[in-house]
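Participant: Starting off with a structure, shown below.
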Amino acid sequence: MIWWLRIRYVPAVAAGLLACILLGSAANSVTVPIPVVIGGLTFDLPMSSLLPLIPVCLILEGQARADRLAERVAVRAVGRWDAGFMALCVLVGALAAAGAAIADAGTAATAMARDFAGYLGLALILRWLGGARLASVATAVFPFACVSFGLAHNRPSIWAWPLHDATSATAAAQALLLLLAGAATSLLAPLRGQDSNDDD
């Protein structure tokens, strides 16, 4: 168990998720100006939309460090531990959002919980398609691509779900669908046919 906690960066993921929740709620008004390709304007992307990328990338990096061949023949159900840990992270985000809603502390926590679940699902799908390195880079770039290519008259396209309001049912549904699809890929063999780390 100790080796799994160390290899998977579990303490770092937990710290990143906690920082995401605390900083995102406290700095809800902090934005990052991103250029919009269509229209030549800029869009102020809330920092709370970027913070969930930290724990997601740490989860990917921790899982990429594993020796897949050794874990495949291990007695312990490592895959179940990974799935359980990711589910717990999503649950913590949802509980934080529910707590913020009950305390009438704004909608930043709700948006972060949605974005964390959506980014995680997207990352898992991309990892299945092309490996952990591609997944980390593409997932980190995705919110910026949403701003650059997903805005029309300063309104987000339907696919640019991280830019939608925290109360958007469409955005929440897309994030949930990505999460479920990403979870499903963990049952499949990677398309790249790798049996070991992405560093090979």
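Convention: chains lettered A, B, ... in structure tokens order; per-chain residue numbering from 1; ligands numbered from 1 as shown.
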Range 167-183 of chain A: which residues within 10 Å, counting only C-alpha atoms, same-chain residues fewer than 3 positions away excluded, as an MDAnalysis selection string?
Facilitator: chainID A and resid 83 86:87 90 107 110:111 113:128 158:164 186:188
Participant: Would you mind listing what lies within 9 Å of Leu45 in chain A as JSON, numbers by chain, with only C-alpha atoms counted and same-chain residues fewer than 6 positions away left out?
Facilitator: {"A": [30, 31, 32, 33, 34, 143, 144, 147, 163]}
Participant: Would you write out those residues with N, CA and C atoms, as an mmCIF file, in the first residue's frame?
Facilitator:
data_model
loop_
_atom_site.group_PDB
_atom_site.id
_atom_site.type_symbol
_atom_site.label_atom_id
_atom_site.label_comp_id
_atom_site.auth_asym_id
_atom_site.auth_seq_id
_atom_site.Cartn_x
_atom_site.Cartn_y
_atom_site.Cartn_z
ATOM 1 N N VAL A 30 -10.061 36.191 -9.891
ATOM 2 C CA VAL A 30 -8.786 36.230 -10.606
ATOM 3 C C VAL A 30 -8.974 35.594 -11.979
ATOM 4 N N THR A 31 -8.559 36.295 -13.025
ATOM 5 C CA THR A 31 -8.733 35.804 -14.391
ATOM 6 C C THR A 31 -7.424 35.873 -15.168
ATOM 7 N N VAL A 32 -7.370 35.101 -16.239
ATOM 8 C CA VAL A 32 -6.211 35.092 -17.140
ATOM 9 C C VAL A 32 -6.700 35.511 -18.520
ATOM 10 N N PRO A 33 -6.216 36.628 -19.069
ATOM 11 C CA PRO A 33 -6.661 37.052 -20.409
ATOM 12 C C PRO A 33 -6.106 36.134 -21.490
ATOM 13 N N ILE A 34 -6.992 35.575 -22.299
ATOM 14 C CA ILE A 34 -6.610 34.654 -23.371
ATOM 15 C C ILE A 34 -7.094 35.240 -24.687
ATOM 16 N N PRO A 143 -8.638 23.956 -22.084
ATOM 17 C CA PRO A 143 -9.393 25.169 -21.729
ATOM 18 C C PRO A 143 -8.965 26.398 -22.518
ATOM 19 N N PHE A 144 -7.677 26.467 -22.884
ATOM 20 C CA PHE A 144 -7.211 27.584 -23.699
ATOM 21 C C PHE A 144 -7.768 27.481 -25.117
ATOM 22 N N VAL A 147 -11.266 28.764 -25.234
ATOM 23 C CA VAL A 147 -11.349 30.224 -25.325
ATOM 24 C C VAL A 147 -11.005 30.693 -26.732
ATOM 25 N N LEU A 163 -16.249 26.832 -20.235
ATOM 26 C CA LEU A 163 -16.566 28.256 -20.247
ATOM 27 C C LEU A 163 -18.018 28.539 -19.865
#
Participant: From the DSSP assignment of the backbone, select every residue of range 15-200 of chain A that is strand (DSSP E), and format the answer as a VMD selection string.
Facilitator: chain A and resid 31 to 35 42 to 46 151 to 152 155 to 156
Participant: Write to file, as a PDB file, in the first residue's frame, the residues of the selection just made, with N, CA and C atoms.
Facilitator:
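Heads up, here's the output in result.pdb:
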ATOM      1  N   THR A  31      -8.559  36.295 -13.025  1.00  0.00           N
ATOM      2  CA  THR A  31      -8.733  35.804 -14.391  1.00  0.00           C
ATOM      3  C   THR A  31      -7.424  35.873 -15.168  1.00  0.00           C
ATOM      4  N   VAL A  32      -7.370  35.101 -16.239  1.00  0.00           N
ATOM      5  CA  VAL A  32      -6.211  35.092 -17.140  1.00  0.00           C
ATOM      6  C   VAL A  32      -6.700  35.511 -18.520  1.00  0.00           C
ATOM      7  N   PRO A  33      -6.216  36.628 -19.069  1.00  0.00           N
ATOM      8  CA  PRO A  33      -6.661  37.052 -20.409  1.00  0.00           C
ATOM      9  C   PRO A  33      -6.106  36.134 -21.490  1.00  0.00           C
ATOM     10  N   ILE A  34      -6.992  35.575 -22.299  1.00  0.00           N
ATOM     11  CA  ILE A  34      -6.610  34.654 -23.371  1.00  0.00           C
ATOM     12  C   ILE A  34      -7.094  35.240 -24.687  1.00  0.00           C
ATOM     13  N   PRO A  35      -6.235  35.274 -25.710  1.00  0.00           N
ATOM     14  CA  PRO A  35      -6.686  35.813 -27.015  1.00  0.00           C
ATOM     15  C   PRO A  35      -7.710  34.903 -27.674  1.00  0.00           C
ATOM     16  N   THR A  42     -10.005  39.469 -26.488  1.00  0.00           N
ATOM     17  CA  THR A  42      -9.488  38.613 -25.426  1.00  0.00           C
ATOM     18  C   THR A  42     -10.639  38.221 -24.509  1.00  0.00           C
ATOM     19  N   PHE A  43     -10.469  37.085 -23.866  1.00  0.00           N
ATOM     20  CA  PHE A  43     -11.475  36.582 -22.940  1.00  0.00           C
ATOM     21  C   PHE A  43     -10.798  36.339 -21.603  1.00  0.00           C
ATOM     22  N   ASP A  44     -11.423  36.795 -20.529  1.00  0.00           N
ATOM     23  CA  ASP A  44     -10.858  36.626 -19.190  1.00  0.00           C
ATOM     24  C   ASP A  44     -11.285  35.269 -18.639  1.00  0.00           C
ATOM     25  N   LEU A  45     -10.373  34.301 -18.725  1.00  0.00           N
ATOM     26  CA  LEU A  45     -10.642  32.951 -18.234  1.00  0.00           C
ATOM     27  C   LEU A  45     -10.423  32.901 -16.739  1.00  0.00           C
ATOM     28  N   PRO A  46     -11.437  32.511 -15.962  1.00  0.00           N
ATOM     29  CA  PRO A  46     -11.258  32.447 -14.497  1.00  0.00           C
ATOM     30  C   PRO A  46     -10.174  31.454 -14.113  1.00  0.00           C
ATOM     31  N   LEU A 151     -15.500  30.479 -28.786  1.00  0.00           N
ATOM     32  CA  LEU A 151     -16.328  31.644 -28.464  1.00  0.00           C
ATOM     33  C   LEU A 151     -16.856  32.292 -29.735  1.00  0.00           C
ATOM     34  N   ALA A 152     -18.117  32.624 -29.715  1.00  0.00           N
ATOM     35  CA  ALA A 152     -18.735  33.360 -30.820  1.00  0.00           C
ATOM     36  C   ALA A 152     -19.548  34.496 -30.208  1.00  0.00           C
ATOM     37  N   ARG A 155     -19.816  34.404 -26.503  1.00  0.00           N
ATOM     38  CA  ARG A 155     -20.627  33.338 -25.913  1.00  0.00           C
ATOM     39  C   ARG A 155     -19.999  32.004 -26.272  1.00  0.00           C
ATOM     40  N   PRO A 156     -19.860  31.092 -25.305  1.00  0.00           N
ATOM     41  CA  PRO A 156     -19.182  29.818 -25.580  1.00  0.00           C
ATOM     42  C   PRO A 156     -20.017  28.887 -26.448  1.00  0.00           C
TER      43      PRO A 156
END
Participant: List every residue of range 83-192 of chain A that has an atom at most 9 Å from any atom of range 10-19 of chain A, and for each one report the closest atom pair and its distance in Å to one decimal, counting only C-alpha atoms, with rows sorted by chain and then by increasing residue number, as CSV.
Facilitator:
residue,atom,partner,partner_atom,distance
A:Phe85,CA,A:Val10,CA,8.5
A:Cys89,CA,A:Leu17,CA,7.6
A:Val92,CA,A:Leu17,CA,8.6
A:Gly93,CA,A:Leu17,CA,7.9
Participant: Can you spit out the residues from that selection as a PDB file, in the first residue's frame, using N, CA and C atoms?
Facilitator:
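File part.pdb, as written:
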ATOM      1  N   PHE A  85      -9.437   5.601  -6.084  1.00  0.00           N
ATOM      2  CA  PHE A  85      -8.842   6.887  -5.714  1.00  0.00           C
ATOM      3  C   PHE A  85      -9.378   8.008  -6.587  1.00  0.00           C
ATOM      4  N   CYS A  89     -11.573  11.283  -5.440  1.00  0.00           N
ATOM      5  CA  CYS A  89     -11.238  12.676  -5.763  1.00  0.00           C
ATOM      6  C   CYS A  89     -12.445  13.404  -6.353  1.00  0.00           C
ATOM      7  N   VAL A  92     -14.866  14.089  -3.541  1.00  0.00           N
ATOM      8  CA  VAL A  92     -14.428  15.211  -2.692  1.00  0.00           C
ATOM      9  C   VAL A  92     -14.766  16.539  -3.361  1.00  0.00           C
ATOM     10  N   GLY A  93     -14.533  16.619  -4.677  1.00  0.00           N
ATOM     11  CA  GLY A  93     -14.882  17.837  -5.402  1.00  0.00           C
ATOM     12  C   GLY A  93     -16.365  18.119  -5.353  1.00  0.00           C
TER      13      GLY A  93
END
Participant: Determine the nearest neighbour of Trp4 in chain A from the options A:Ala98, A:Ala64, A:Val78, A:Leu53, counting only C-alpha atoms.
Facilitator: A:Val78
Participant: Among range 13-134 of chain A, which residues does DSSP mark as helix (DSSP H, G or I) when it is run on the backbone? Keep the chain and numbering as in the structure and answer as a PyMOL selection string.
Facilitator: chain A and resi 13-26+47-49+53-64+68-72+78-102+108-130+132-134
Participant: Just how far from CA of Ile59 in chain A is CA of Ala26 in chain A, in Å to one decimal?
Facilitator: 23.8 Å
Participant: Go through A:Leu191, A:Ile7, A:Leu91, A:Ile54 one by one, measure the shortest atom-to-atom distance of each to Ala140 in chain A using only C-alpha atoms, and give the residue with the smallest value.
Facilitator: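 Among the listed residues, the smallest separation from Ala140 in chain A belongs to A:Ile54.
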Participant: So the first atom is CA of Arg6 in chain A and the second is CA of Leu95 in chain A; what is the distance between them in Å, to one decimal place?
Facilitator: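 We find that CA of Arg6 in chain A and CA of Leu95 in chain A lie 25.5 Å from each other.
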